[in-house]
file my_file21.cif (mmCIF, C-alpha atoms)
data_target
#
loop_
_atom_site.label_atom_id
_atom_site.label_comp_id
_atom_site.auth_asym_id
_atom_site.auth_seq_id
_atom_site.Cartn_x
_atom_site.Cartn_y
_atom_site.Cartn_z
CA MET J 1233 9.83 -7.76 17.72
CA ASP J 1234 6.70 -9.43 18.96
CA GLN J 1235 4.24 -6.81 17.80
CA GLU J 1236 1.22 -8.65 19.16
CA GLY J 1237 2.83 -8.62 22.59
CA MET J 1238 3.17 -4.84 22.77
CA ASN J 1239 1.64 -3.57 25.98
CA LEU J 1240 -0.24 -0.40 26.81
CA VAL J 1241 2.83 1.39 28.20
CA GLN J 1242 4.70 0.77 24.97
CA MET J 1243 1.71 1.92 22.91
CA ASP J 1244 1.64 5.09 25.04
CA LEU J 1245 5.32 5.69 24.36
CA LEU J 1246 4.79 5.32 20.61
CA LYS J 1247 1.85 7.71 20.86
CA GLU J 1248 3.99 10.22 22.71
CA ILE J 1249 6.71 10.04 20.05
CA ALA J 1250 4.11 10.46 17.31
CA ASN J 1251 2.72 13.43 19.25
CA ILE J 1252 6.13 15.11 19.46
CA GLY J 1253 6.74 14.36 15.78
CA THR J 1254 3.47 15.84 14.55
CA GLY J 1255 3.90 18.84 16.87
CA HIS J 1256 7.19 19.65 15.14
CA SER J 1257 5.55 19.09 11.75
CA ALA J 1258 2.81 21.61 12.54
CA THR J 1259 5.36 24.22 13.62
CA ALA J 1260 7.41 23.69 10.46
CA LEU J 1261 4.34 23.86 8.21
CA SER J 1262 3.13 26.97 10.00
CA GLN J 1263 6.48 28.70 9.39
CA MET J 1264 6.36 27.82 5.72
CA LEU J 1265 2.76 28.94 5.21
CA GLY J 1266 3.04 32.02 7.41
CA ARG J 1267 -0.22 30.95 9.03
CA GLY J 1268 -1.09 29.18 12.25
CA VAL J 1269 -1.45 25.42 12.01
CA ASP J 1270 -3.10 23.33 14.73
CA MET J 1271 -2.42 19.66 14.88
CA PHE J 1272 -4.58 17.18 16.80
CA VAL J 1273 -3.02 14.60 19.09
CA PRO J 1274 -2.41 11.66 16.78
CA ASP J 1275 -3.95 8.24 17.15
CA VAL J 1276 -1.52 5.39 17.04
CA GLU J 1277 -3.11 2.26 15.76
CA GLN J 1278 -2.06 -1.34 15.70
CA ILE J 1279 -3.92 -3.23 13.01
CA PRO J 1280 -3.65 -6.56 11.23
CA LEU J 1281 -1.97 -6.14 7.85
CA GLU J 1282 -4.79 -7.48 5.76
CA GLU J 1283 -7.17 -4.96 7.28
CA ILE J 1284 -5.07 -1.85 6.65
CA SER J 1285 -6.69 -0.98 3.34
CA SER J 1286 -10.26 -1.40 4.49
CA PHE J 1287 -9.46 0.18 7.89
CA PHE J 1288 -9.05 3.54 6.15
CA GLY J 1289 -12.13 3.16 4.03
CA ASP J 1290 -12.51 2.92 0.28
CA PRO J 1291 -9.35 1.36 -1.20
CA GLU J 1292 -10.14 3.27 -4.40
CA LEU J 1293 -10.10 6.71 -2.68
CA PRO J 1294 -7.77 9.03 -4.63
CA VAL J 1295 -4.91 10.15 -2.40
CA CYS J 1296 -1.63 12.02 -2.63
CA ALA J 1297 1.35 10.37 -0.97
CA VAL J 1298 4.88 11.56 -0.29
CA LEU J 1299 7.53 8.92 0.39
CA THR J 1300 11.01 9.51 1.70
CA ARG J 1301 13.73 7.29 3.13
CA CYS J 1302 16.51 7.42 5.64
CA ASP J 1303 19.44 5.26 4.55
CA GLU J 1304 21.88 6.01 7.34
CA ASN J 1305 22.09 4.88 10.96
CA LEU J 1306 18.61 3.40 11.07
CA PRO J 1307 17.21 2.65 7.60
CA LEU J 1308 13.53 3.49 7.50
CA ASN J 1309 10.73 4.69 5.25
CA LEU J 1310 8.48 7.62 6.01
CA MET J 1311 5.24 8.31 4.23
CA LEU J 1312 2.65 11.08 4.34
CA ILE J 1313 -0.81 10.35 2.93
CA MET J 1314 -3.54 12.95 2.35
CA PRO J 1315 -6.85 12.64 0.52
CA GLU J 1316 -6.45 14.14 -2.97
CA SER J 1317 -8.93 16.94 -2.18
CA ASP J 1318 -6.93 17.97 0.91
CA SER J 1319 -3.58 17.91 -0.87
CA ARG J 1320 -5.07 20.02 -3.65
CA ALA J 1321 -6.27 22.61 -1.15
CA LEU J 1322 -2.92 22.59 0.66
CA SER J 1323 -0.99 23.18 -2.56
CA GLU J 1324 -3.32 26.06 -3.38
CA ILE J 1325 -2.68 27.70 0.02
CA MET J 1326 1.06 27.28 -0.53
CA LEU J 1327 0.89 28.88 -3.95
CA SER J 1328 -1.67 31.56 -3.06
CA SER J 1329 0.89 34.35 -3.03
CA ILE J 1330 2.06 33.74 -6.60
CA THR J 1331 0.24 33.91 -9.92
CA LEU J 1332 0.03 30.44 -11.40
CA PRO J 1333 1.25 30.22 -15.01
CA SER J 1334 -1.51 29.82 -17.59
CA ASP J 1335 0.27 26.79 -19.01
CA LEU J 1336 -1.63 23.91 -17.33
CA ALA J 1337 1.30 21.52 -17.31
CA MET J 1338 3.51 24.17 -15.76
CA ALA J 1339 0.90 24.99 -13.08
CA GLU J 1340 0.59 21.27 -12.32
CA ALA J 1341 4.37 20.94 -12.02
CA LEU J 1342 4.38 23.84 -9.54
CA ARG J 1343 1.66 22.16 -7.48
CA GLU J 1344 3.64 18.93 -7.47
CA SER J 1345 6.76 20.68 -6.33
CA ALA J 1346 4.79 22.49 -3.59
CA LEU J 1347 3.41 19.17 -2.34
CA SER J 1348 6.81 17.58 -2.42
CA GLU J 1349 8.12 20.50 -0.35
CA ALA J 1350 5.21 20.27 2.10
CA GLY J 1351 5.91 16.55 2.46
CA ASN J 1352 9.57 17.23 2.94
CA ILE J 1353 8.90 19.76 5.70
CA ILE J 1354 6.23 17.73 7.50
CA LEU J 1355 8.19 14.48 7.35
CA GLY J 1356 11.54 16.15 8.05
CA ALA J 1357 10.19 17.79 11.22
CA PHE J 1358 8.56 14.53 12.25
CA ILE J 1359 11.72 12.47 11.87
CA SER J 1360 14.00 15.00 13.53
CA ALA J 1361 11.75 14.87 16.62
CA VAL J 1362 11.88 11.08 16.58
CA GLY J 1363 15.67 11.17 16.07
CA ASP J 1364 16.11 13.61 18.98
CA PHE J 1365 14.15 11.27 21.19
CA MET J 1366 16.23 8.29 20.15
CA LYS J 1367 19.49 10.28 20.05
CA VAL J 1368 20.30 9.25 16.51
CA GLU J 1369 20.65 11.31 13.35
CA LEU J 1370 18.18 10.37 10.64
CA PRO J 1371 18.90 12.22 7.36
CA LEU J 1372 16.14 11.91 4.74
CA SER J 1373 16.40 11.43 0.97
CA VAL J 1374 14.65 13.61 -1.62
CA PRO J 1375 10.91 12.81 -1.43
CA ALA J 1376 8.90 11.14 -4.20
CA VAL J 1377 5.25 12.08 -4.77
CA ALA J 1378 2.52 9.78 -6.10
CA HIS J 1379 -1.17 10.28 -6.80
CA ASP J 1380 -3.17 7.09 -6.81
CA MET J 1381 -5.73 4.88 -5.12
CA LEU J 1382 -5.33 4.55 -1.33
CA GLY J 1383 -5.11 0.77 -1.49
CA ALA J 1384 -2.35 0.85 -4.09
CA ILE J 1385 -0.32 3.36 -2.04
CA LEU J 1386 -0.74 1.35 1.17
CA ASP J 1387 0.69 -1.71 -0.61
CA VAL J 1388 4.11 -0.11 -0.22
CA ILE J 1389 3.79 -0.05 3.56
CA ILE J 1390 2.11 -3.40 3.78
CA SER J 1391 4.82 -5.11 1.77
CA ILE J 1392 7.50 -3.79 4.11
CA PHE J 1393 5.64 -4.89 7.22
CA GLY J 1394 4.51 -8.09 5.57
CA VAL J 1395 7.96 -9.62 5.57
CA THR J 1396 8.42 -9.29 9.32
CA GLY J 1397 5.02 -9.68 10.87
CA ASP J 1398 1.32 -9.37 10.45
CA THR J 1399 0.69 -6.11 12.25
CA ALA J 1400 1.50 -2.49 11.42
CA PHE J 1401 1.74 0.74 13.41
CA LEU J 1402 0.30 3.96 12.03
CA ALA J 1403 0.18 7.49 13.36
CA ASP J 1404 -2.98 9.21 12.24
CA THR J 1405 -3.47 12.92 12.73
CA ARG J 1406 -5.45 15.88 11.50
CA MET J 1407 -4.50 19.51 11.22
CA THR J 1408 -6.39 22.72 10.77
CA ILE J 1409 -5.39 26.10 9.45
CA PRO J 1410 -7.61 28.56 11.37
CA GLU J 1411 -7.00 31.38 8.88
CA GLU J 1412 -8.35 29.18 6.11
CA GLY J 1413 -11.79 28.92 7.68
CA ASN J 1414 -10.78 26.08 10.00
CA ARG J 1415 -10.68 23.66 7.12
CA VAL J 1416 -9.55 20.32 8.48
CA PHE J 1417 -6.76 18.55 6.64
CA SER J 1418 -6.32 14.90 7.25
CA ALA J 1419 -2.72 13.73 7.21
CA ARG J 1420 -1.36 10.35 8.06
CA VAL J 1421 2.29 9.77 8.77
CA PHE J 1422 3.61 6.24 8.54
CA LEU J 1423 7.00 5.39 9.97
CA VAL J 1424 8.15 2.05 8.63
CA PRO J 1425 11.59 0.78 9.66
CA ASP J 1426 13.24 -1.54 7.16
CA PRO J 1427 12.79 -5.14 8.32
CA ASP J 1428 16.50 -5.37 9.16
CA SER J 1429 16.45 -2.28 11.38
CA LEU J 1430 13.21 -2.99 13.20
CA GLY J 1431 15.00 -4.65 16.11
CA GLU J 1432 17.45 -1.76 16.50
CA PHE J 1433 14.56 0.69 16.26
CA MET J 1434 12.73 -0.96 19.13
CA ARG J 1435 15.98 -1.20 21.13
CA LEU J 1436 16.63 2.54 20.78
CA LEU J 1437 13.10 3.17 21.97
CA GLY J 1438 14.02 1.22 25.10
CA PHE J 1439 11.74 -1.77 24.40
CA MET U 114 -10.57 12.96 -12.65
CA ASP U 115 -12.13 12.00 -9.36
CA GLY U 116 -11.92 8.36 -8.43
CA VAL U 117 -11.81 5.36 -10.64
CA ALA U 118 -14.01 5.46 -13.69
CA GLN U 119 -17.05 3.23 -14.01
CA LYS U 120 -17.25 1.11 -10.94
CA VAL U 121 -18.72 -2.29 -11.64
CA PRO U 122 -22.16 -2.41 -10.00
CA GLU U 123 -22.33 -4.64 -6.92
CA ARG U 124 -24.31 -7.82 -7.36
CA ASP U 125 -25.04 -10.52 -4.83
CA TYR U 126 -22.80 -12.88 -6.78
CA SER U 127 -19.84 -10.51 -6.82
CA HIS U 128 -17.10 -11.06 -4.25
CA ASN U 129 -14.23 -8.90 -3.07
CA VAL U 130 -10.92 -10.69 -2.77
CA GLY U 131 -9.02 -9.00 0.08
CA MET U 132 -5.28 -9.06 0.64
CA GLY U 133 -3.92 -12.57 0.92
CA ASP U 134 -7.38 -14.02 0.25
CA THR U 135 -8.24 -16.79 -2.19
CA LEU U 136 -11.83 -17.03 -3.45
CA LEU U 137 -13.61 -19.26 -5.98
CA ALA U 138 -16.72 -18.44 -8.04
CA ARG U 139 -18.92 -20.40 -10.41
CA VAL U 140 -20.67 -18.86 -13.41
CA PRO U 141 -22.05 -16.13 -13.25
CA GLY U 142 -19.87 -15.15 -10.28
CA ILE U 143 -17.72 -12.02 -10.29
CA LEU U 144 -14.41 -11.67 -8.43
CA SER U 145 -12.82 -8.27 -7.69
CA SER U 146 -9.63 -6.92 -6.14
CA LEU U 147 -9.56 -3.19 -5.45
CA GLY U 148 -6.64 -0.79 -5.20
CA LEU U 149 -3.76 -3.07 -6.21
CA GLY U 150 -0.36 -1.41 -6.02
CA SER U 151 2.58 -3.80 -5.87
CA CYS U 152 0.05 -6.56 -5.12
CA LEU U 153 -1.01 -8.92 -7.88
CA ALA U 154 -4.43 -10.35 -8.71
CA VAL U 155 -4.24 -13.74 -10.42
CA ALA U 156 -7.36 -15.37 -11.85
CA LEU U 157 -7.27 -19.04 -12.86
CA PHE U 158 -10.27 -20.51 -14.67
CA ASP U 159 -11.63 -23.64 -16.29
CA ASP U 160 -14.39 -22.58 -18.67
CA ARG U 161 -15.59 -26.15 -19.28
CA ALA U 162 -16.11 -26.75 -15.57
CA GLY U 163 -17.53 -23.22 -15.24
CA ILE U 164 -15.36 -22.21 -12.31
CA ALA U 165 -12.75 -19.55 -11.59
CA GLY U 166 -10.63 -18.54 -8.63
CA MET U 167 -8.80 -15.36 -7.73
CA VAL U 168 -5.93 -14.74 -5.34
CA HIS U 169 -4.68 -11.34 -4.11
CA ILE U 170 -0.92 -11.82 -3.68
CA MET U 171 1.09 -9.46 -1.46
CA LEU U 172 4.69 -10.73 -1.46
CA PRO U 173 6.90 -12.92 -3.65
CA ARG U 174 7.83 -15.37 -0.93
CA GLU U 175 7.86 -15.87 2.81
CA PHE U 176 10.58 -13.87 4.48
CA ARG U 177 13.80 -15.55 5.50
CA SER U 178 16.42 -13.75 7.57
CA PRO U 179 19.83 -13.11 5.96
CA ARG U 180 20.98 -16.31 7.65
CA GLY U 181 18.27 -18.21 5.81
CA ASP U 182 16.14 -18.93 8.87
CA LEU U 183 12.41 -18.86 8.66
CA PRO U 184 10.64 -16.55 11.13
CA ASP U 185 9.88 -17.90 14.60
CA LYS U 186 6.19 -17.63 14.00
CA PRO U 187 4.35 -20.51 12.33
CA ALA U 188 3.64 -20.28 8.62
CA ASN U 189 1.06 -17.66 7.75
CA PRO U 190 -2.40 -19.21 7.60
CA LYS U 191 -3.10 -17.31 4.39
CA PRO U 192 -1.22 -19.07 1.59
CA GLY U 193 -2.55 -16.44 -0.82
CA LYS U 194 -0.20 -13.89 0.70
CA PHE U 195 2.93 -15.31 -0.94
CA ALA U 196 3.31 -15.77 -4.70
CA ASP U 197 5.35 -18.97 -4.38
CA ARG U 198 2.53 -20.76 -2.55
CA ALA U 199 -0.56 -18.91 -3.71
CA LEU U 200 -0.93 -20.51 -7.15
CA ARG U 201 -0.44 -24.12 -6.01
CA ASN U 202 -2.99 -23.57 -3.29
CA LEU U 203 -5.45 -22.02 -5.76
CA VAL U 204 -4.98 -24.91 -8.21
CA ASP U 205 -5.66 -27.43 -5.42
CA LEU U 206 -8.85 -25.63 -4.40
CA LEU U 207 -10.08 -25.44 -8.00
CA GLU U 208 -9.35 -29.14 -8.58
CA LYS U 209 -11.33 -30.04 -5.47
CA GLU U 210 -14.28 -28.19 -6.98
CA GLY U 211 -14.13 -30.05 -10.27
CA ALA U 212 -11.70 -28.02 -12.41
CA ALA U 213 -9.11 -29.90 -14.47
CA ARG U 214 -5.56 -28.71 -14.09
CA SER U 215 -4.89 -29.28 -17.80
CA ARG U 216 -7.71 -26.89 -18.77
CA LEU U 217 -6.74 -24.05 -16.42
CA ARG U 218 -5.81 -20.71 -17.94
CA ALA U 219 -4.59 -17.55 -16.22
CA LYS U 220 -5.05 -13.78 -16.26
CA VAL U 221 -2.82 -11.53 -14.18
CA ALA U 222 -2.87 -7.82 -13.28
CA GLY U 223 -1.02 -5.57 -10.82
CA GLY U 224 2.60 -5.43 -9.65
CA ALA U 225 3.13 -1.68 -10.08
CA LYS U 226 6.01 0.33 -8.65
CA MET U 227 4.19 3.15 -6.88
CA PHE U 228 7.17 5.41 -6.17
CA SER U 229 10.27 6.13 -8.18
CA ILE U 230 12.82 6.60 -5.46
CA SER U 231 16.44 6.25 -6.47
CA ARG U 232 17.86 4.47 -3.46
CA GLY U 233 16.07 2.11 -1.18
CA PRO U 234 15.73 -1.54 -0.45
CA ASN U 235 14.42 -4.02 -2.98
CA LEU U 236 11.20 -3.81 -0.99
CA LEU U 237 10.27 -0.86 -3.17
CA SER U 238 10.40 -3.11 -6.23
CA ILE U 239 8.25 -5.78 -4.66
CA GLY U 240 5.81 -5.54 -7.59
CA GLU U 241 8.42 -6.72 -10.09
CA GLN U 242 9.39 -9.59 -7.83
CA ASN U 243 5.73 -10.59 -7.44
CA ILE U 244 5.33 -10.71 -11.23
CA GLU U 245 8.51 -12.69 -11.69
CA VAL U 246 7.54 -15.40 -9.21
CA VAL U 247 3.98 -15.67 -10.53
CA LEU U 248 5.10 -16.05 -14.16
CA GLU U 249 7.64 -18.67 -13.06
CA GLU U 250 5.00 -20.58 -11.08
CA LEU U 251 2.59 -20.53 -14.03
CA LYS U 252 5.32 -22.03 -16.20
CA ILE U 253 6.05 -24.77 -13.64
CA LEU U 254 2.34 -25.54 -13.32
CA LYS U 255 2.01 -25.45 -17.15
CA ILE U 256 -0.89 -23.00 -17.01
CA PRO U 257 -1.07 -20.77 -20.11
CA LEU U 258 -1.14 -17.02 -19.44
CA GLU U 259 -4.01 -15.60 -21.51
CA GLY U 260 -3.95 -11.99 -20.43
CA LYS U 261 -1.63 -9.73 -18.52
CA ASP U 262 -1.50 -6.08 -17.44
CA THR U 263 1.41 -5.72 -15.04
CA GLY U 264 4.13 -3.34 -13.94
CA GLY U 265 4.07 0.40 -14.61
CA ASN U 266 3.56 2.98 -11.87
CA LYS U 267 -0.25 3.20 -11.55
CA GLY U 268 -2.49 1.34 -9.13
CA ARG U 269 -5.22 -0.89 -10.53
CA SER U 270 -8.60 -2.31 -9.61
CA VAL U 271 -9.62 -5.53 -11.34
CA THR U 272 -12.88 -7.43 -11.82
CA PHE U 273 -13.06 -10.93 -13.29
CA PHE U 274 -16.28 -12.00 -15.00
CA THR U 275 -16.97 -15.74 -15.23
CA GLU U 276 -19.61 -15.08 -17.90
CA THR U 277 -16.94 -13.99 -20.38
CA TRP U 278 -13.73 -15.12 -18.57
CA GLU U 279 -12.49 -11.56 -18.98
CA MET U 280 -10.68 -9.40 -16.46
CA GLU U 281 -11.54 -5.69 -16.41
CA VAL U 282 -8.68 -3.39 -15.38
CA ARG U 283 -9.36 0.12 -14.06
CA ALA U 284 -6.94 2.86 -13.02
CA ILE U 285 -7.24 6.55 -12.13
CA GLY U 286 -7.34 8.71 -15.25
CA GLN U 287 -7.50 5.75 -17.60
CA THR U 288 -10.32 4.21 -19.66
CA PRO U 289 -11.18 0.74 -18.28
CA PHE U 290 -10.26 -2.14 -20.56
CA ARG U 291 -10.53 -5.91 -20.54
CA ILE U 292 -7.87 -8.58 -20.86
#

call {"tool": "encode", "arguments": {"input": "my_file21.cif", "output": "structure tokens"}}
result
Amino acid sequence: MDQEGMNLVQMDLLKEIANIGTGHSATALSQMLGRGVDMFVPDVEQIPLEEISSFFGDPELPVCAVLTRCDENLPLNLMLIMPESDSRALSEIMLSSITLPSDLAMAEALRESALSEAGNIILGAFISAVGDFMKVELPLSVPAVAHDMLGAILDVIISIFGVTGDTAFLADTRMTIPEEGNRVFSARVFLVPDPDSLGEFMRLLGF
Amino acid sequence: MDGVAQKVPERDYSHNVGMGDTLLARVPGILSSLGLGSCLAVALFDDRAGIAGMVHIMLPREFRSPRGDLPDKPANPKPGKFADRALRNLVDLLEKEGAARSRLRAKVAGGAKMFSISRGPNLLSIGEQNIEVVLEELKILKIPLEGKDTGGNKGRSVTFFTETWEMEVRAIGQTPFRI
């Protein structure tokens, strides 16, 4: 794919798909939390690889990331990135109805599992919307969670894009939970086809 | 545990080495690479000539399709991006600035595996491949490796000081140390 040659119509189409995907994610998250979730229309960005880290600010910013893969039909990687403070707040909302164990390690393990589940739901809803659009089934693997510096997490995405081109596509969105005082959560969803399936991905999108 | 402990204070002679970049510094220059995941920071230095260089490597080698073809696009203008070319390029630059190849020594940090996911392409183990190619290249170039902090599953930030020829390694939730 000639990423540099992508025109405005194609960018609009990607934006529309990202919009459908995040819409489904918000609905799924809302059902899980039992609270309303509003999701903003996502921005779809096209940026040079080397600028990805600095594009999002401090490469040392602590973030929580959830990574999952689809290995069938159209191999791809899907990642959700939230600032550590936001992911902490989200896990607390998810666990608000239960009493956390006093054992710190146990409480931490529960938070991790809640975040993994949130990632699973957000990313699962996202990819099923994308799959519906492309008329292909995209089953996801069990998600892996990491807490680290933003730059280090983004390396994963950059190394996948880096073998095929010099530009990446990112869907960037924000969501709010009105019942939680309209706190804004920032969530970024990255859809990264494996280099070998990038061509097929673009073909299914009608490019 | 918020952020990375003890950031090195910015000075006008400290330089940030971005992805795929190659930068040189003379004493008392400072070279940093922030937020390395699978990427590797390699510092080569000649203490007698008083010069060091750092490269921020992203990938082991330039991509070839399964058929062995190179991509249609011309070679990437940033040789620092690929491990197999980055070190030779850095050595050439250092030699042009008065360093002697026979006196060069190396310090290397990075190459983590950020996610433990059972299946997946070898792209998720790109850190290991980066380390492998860099160590091989150092051997070919006969540059002794004086310090190394690689692999694992935590991201790193590194700062190389030409005043002591030491590389400081920082990670979230970890006390900074020098190699």

call {"tool": "resolve_selection", "arguments": {"input": "my_file21.cif", "expression": "the PyMOL selection byres ((chain J and resi 1291-1300) around 9)", "output": "number ranges by chain"}}
result
J: 1285-1286, 1288-1290, 1301-1302, 1308-1320, 1347-1348, 1351-1352, 1355, 1372-1386; U: 115-117, 147-149, 228, 230, 269-270, 285

call {"tool": "closest_residue", "arguments": {"input": "my_file21.cif", "among": "J:Leu1306, J:Met1366, J:Val1269, J:Val1388", "to": "Leu1436 in chain J", "atoms": "only C-alpha atoms"}}
result
J:Met1366

call {"tool": "atom_distance", "arguments": {"input": "my_file21.cif", "atom1": "CA of Arg139 in chain U", "atom2": "CA of Leu157 in chain U"}}
result
12.0 Å

call {"tool": "atom_distance", "arguments": {"input": "my_file21.cif", "atom1": "CA of Ala1346 in chain J", "atom2": "CA of Phe1417 in chain J"}}
result
15.9 Å

call {"tool": "residues_around", "arguments": {"input": "my_file21.cif", "residues": "range 273-276 of chain U", "least_positions_apart": "2", "cutoff": "6 Å", "atoms": "all atoms listed in the file", "output": "number ranges by chain"}}
result
U: 140-144, 278-280

call {"tool": "atom_distance", "arguments": {"input": "my_file21.cif", "atom1": "CA of Gly260 in chain U", "atom2": "CA of Phe158 in chain U"}}
result
12.1 Å

call {"tool": "closest_residue", "arguments": {"input": "my_file21.cif", "among": "J:Ser1429, J:Thr1254, J:Gln1263, J:Ser1345", "to": "chain U", "atoms": "all atoms listed in the file"}}
result
J:Ser1429

call {"tool": "residues_around", "arguments": {"input": "my_file21.cif", "residues": "Ser146 in chain U", "least_positions_apart": "6", "cutoff": "6 Å", "atoms": "all atoms listed in the file", "output": "count of residues only"}}
result
4

call {"tool": "residues_near_point", "arguments": {"input": "my_file21.cif", "point": "(11.0, 17.6, 15.5)", "cutoff": "6 Å", "atoms": "only C-alpha atoms", "output": "list in words"}}
result
Gly1253, His1256, Ala1357, Phe1358, Ser1360 and Ala1361 of chain J

call {"tool": "closest_residue", "arguments": {"input": "my_file21.cif", "among": "J:Met1326, J:Ala1403, J:Ile1389, J:Ala1260", "to": "chain U", "atoms": "all atoms listed in the file"}}
result
J:Ile1389

call {"tool": "closest_residue", "arguments": {"input": "my_file21.cif", "among": "U:Ile239, U:Leu206, U:Cys152, U:Ala196", "to": "Ile1392 in chain J", "atoms": "all atoms listed in the file"}}
result
U:Ile239
